[in-house]
Each structure stands twice: as C-alpha cells, then as structure tokens.
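Here is the structure we will look at.
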Amino acid sequence: NLEKTAGAFVLDAGRWVQSAGQEAFNPKLWYMGKIPFGNPVFKQAVSEVKSALTGLMGGAKKIILVDLDDTLWGGIVGEEGWQKLKLGGHDPTGEAFADFQKALKSMTQRGILLGIVSKNEEQVALEAIDKNPEMILKREDFAGWRINWSDKAGNIVELMEELKLGTQSAVFIDDHPVERARIREALPDVLVPDWPKDQMLYKHCLMSLNCFNTPTISQEDGERTKMYQAESYRKQLKKTLGSLDA
C-alpha cells in the first residue's frame, strides 16, 4: 500500500478525470496519437503535481482566513441579527453556506487552521457563532480572529504575528471584491482566490484550491487548532493575572 510507504506521496488521478467531465476523453487525440485523456486531465495533473511538490518543500498554505457576512453565512449579522441569517435549514442558499462550513471544518482535519478577519462588532459576531444552531463551525474551530472595523490588511498581519505564521502561509476568502483587491495589493504573499458571486459555488471553489497539499498528515496536524487555542488562552490568562508569579 503506497499510502503507508515512506517517501511515497499518493495523488488521486481519478479526481483529475472527474473534474474534466465530458472533456476527459477526446476521440480525436486517441486516433491521432493514442492519447487516452483530453487536455483538461493533463492540466489538472500538472496543477496537482506542482502543488504536491510545493507541499513537499514546505510551501503549502497553513491557514484559511475567512470573512463572515455573506461569506460564512448569508446576510449582515449587525443589521439583521443572528436569528435571521441564511444558514442551513430548507433554504437553498442557507444549505450552500452550511456545506461550505462543513468543507472548511474538514480542512482542519488535515491540519489546516481557520481564522476570522471580519469588519463587524466582535461581540455580535461571536454571539452569532455561539448561538445560531445552524452553525457548523464553532468558536473552538478557529485558531484566532480579528473582528473589528480596522483595515483587514493590518488585522491579517496582527493575527499572523499572534499565530507565529508568515503571511505567505495564508489564504484569504472574502465575498467582497474591494476587500480582496486591498489584500492583494497590501499583502501580495497572501493567496486571495477569485471568489464566485453565486454563493452556491462556495464549497466547489474551496475544494478546487490545491494549495494545501502536504506529504503526510500527523496526529499533531489534526490537533493543531487546539494547540493554538491553548496558547492563546495562556496569553489571555497571563494578561488577566497581571504577572507570571500570580
């Protein structure tokens, strides 16, 4: 079993074919050169092999920073309240947001951290996370957050310093094109993917990112968020007590 072989990094070739859909096979290429697959399959293969090599050299992304309003849920919590957010339930858009959150949560099992960078009132936003029964992601799923009205670029820098990560480790997801453009300009090391306007495509867009590949996933990777939260708690406790002796 190659997955258990030291030094072997298994790639899912079936996913390349699946993602190519009807273009996975081109009869003309087969008859002219006995080429079994269409070009989209090879493009997917090249992209994933490059991503895998980047991961092997330590360049895989380590944290996903997400906005809240119309990114993690539908609606503006500061105006509508957490009770009226579009999330889960029998609403098509709400279901799409819930599936997006499930996909984000699955990333933490691969050792990817989650963080929040949002222009909001912190207390109002955290209340929505804690109290909305449709929330898949809970407060403990996030390694840290910056929820305020300050510039998001500065907030990202502060949060990454707190987590002892470089900005090159981050992926920033925001529904607002102006905020995305701001981060691309101010922090070019941060990966800012183009994000669809259609909220039902959020999960698909996230799963199509191939910048998180790592050669192995250890138990420590799976518990990384808890480690960061424990460190954050120690820092807050030290501030509350006022001195290390106390």
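Every chain in the structure tokens has a letter given in the order shown (A, B, ...), and although residue numbers restart at 1 in each chain, ligands are simply numbered from 1 in the order shown.
Selecting strand (DSSP E or B) from the backbone DSSP output for stretch 82-180 of chain A yields A:Lys86, A:Leu113, A:Leu114, A:Gly115, A:Ile116, A:Val117, A:Ser118, A:Lys119, A:Gly144, A:Trp145, A:Arg146, A:Ile147, A:Asn148, A:Ala170, A:Val171, A:Phe172, A:Ile173.
Excluding A:Phe37 itself and any same-chain residue fewer than 6 positions from it, the protein and nucleic acid residues within 10 Å of it, counting only C-alpha atoms, are A:Val17, A:Ala20, A:Glu23, A:Ala24, A:Phe25, A:Asn26, A:Pro27, A:Leu29, A:Trp30.
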> For the atom pair atom CA of A:Leu187 and atom CA of A:Thr167, what is the interatomic distance in Å to one decimal place?
Replying inline: 7.4 Å
Interface rows for stretch 96-206 of chain A against stretch 73-77 of chain A: nearest pair, Å to one decimal, 12 Å, only C-alpha atoms, as CSV:
residue,atom,partner,partner_atom,distance
A:Ala96,CA,A:Trp73,CA,9.2
A:Phe97,CA,A:Trp73,CA,5.7
A:Ala98,CA,A:Trp73,CA,7.8
A:Asp99,CA,A:Trp73,CA,10.6
A:Phe100,CA,A:Trp73,CA,9.2
A:Gln101,CA,A:Trp73,CA,8.7
A:Ser118,CA,A:Ile76,CA,11.3
A:Lys119,CA,A:Ile76,CA,10.5
A:Asn120,CA,A:Val77,CA,8.3
A:Glu121,CA,A:Val77,CA,9.2
A:Glu122,CA,A:Val77,CA,10.8
A:Gln123,CA,A:Val77,CA,10.9
A:Val124,CA,A:Val77,CA,7.3
A:Ala125,CA,A:Val77,CA,6.9
A:Leu126,CA,A:Val77,CA,10.2
A:Glu127,CA,A:Val77,CA,9.7
A:Ala128,CA,A:Val77,CA,7.5
A:Ile129,CA,A:Trp73,CA,10.0
A:Asn132,CA,A:Trp73,CA,10.6
A:Glu134,CA,A:Trp73,CA,9.9
A:Met135,CA,A:Trp73,CA,8.7
A:Ile136,CA,A:Trp73,CA,10.5
A:Leu137,CA,A:Trp73,CA,10.8
A:Asp174,CA,A:Trp73,CA,11.5
A:Asp175,CA,A:Gly74,CA,10.6
A:Asp198,CA,A:Gly74,CA,11.5
A:Gln199,CA,A:Gly74,CA,8.6
A:Met200,CA,A:Gly74,CA,11.0
A:Tyr202,CA,A:Trp73,CA,11.0
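If you measure from each of A:Lys131, A:Arg180, A:Gly14, A:Ile156 to A:Gly81 using only C-alpha atoms, the closest one turns out to be A:Lys131.
Between A:Arg184 and the candidates A:Leu87, A:Ile116, A:Ala170, A:Leu104, the tightest atom-to-atom separation, counting only C-alpha atoms, involves A:Ala170.
Between A:Asp189 and the residues A:Cys205, A:Gly38, A:Lys61, A:Gln109, the shortest atom-to-atom distance, using only C-alpha atoms, involves A:Lys61.
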> To one decimal place, how far is atom CA of A:Ala45 from atom CA of A:Lys203 in Å?
Replying inline: 21.0 Å
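Nearest-residue note for A:Asp151: choosing from A:Pro177, A:Arg182, A:Phe172, A:Asp70, the minimum distance belongs to A:Arg182, counting only C-alpha atoms.
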> A:Val157, A:Ile64, A:Ile147, A:Leu163: which is nearest A:Pro193, counting only C-alpha atoms?
Replying inline: A:Ile64
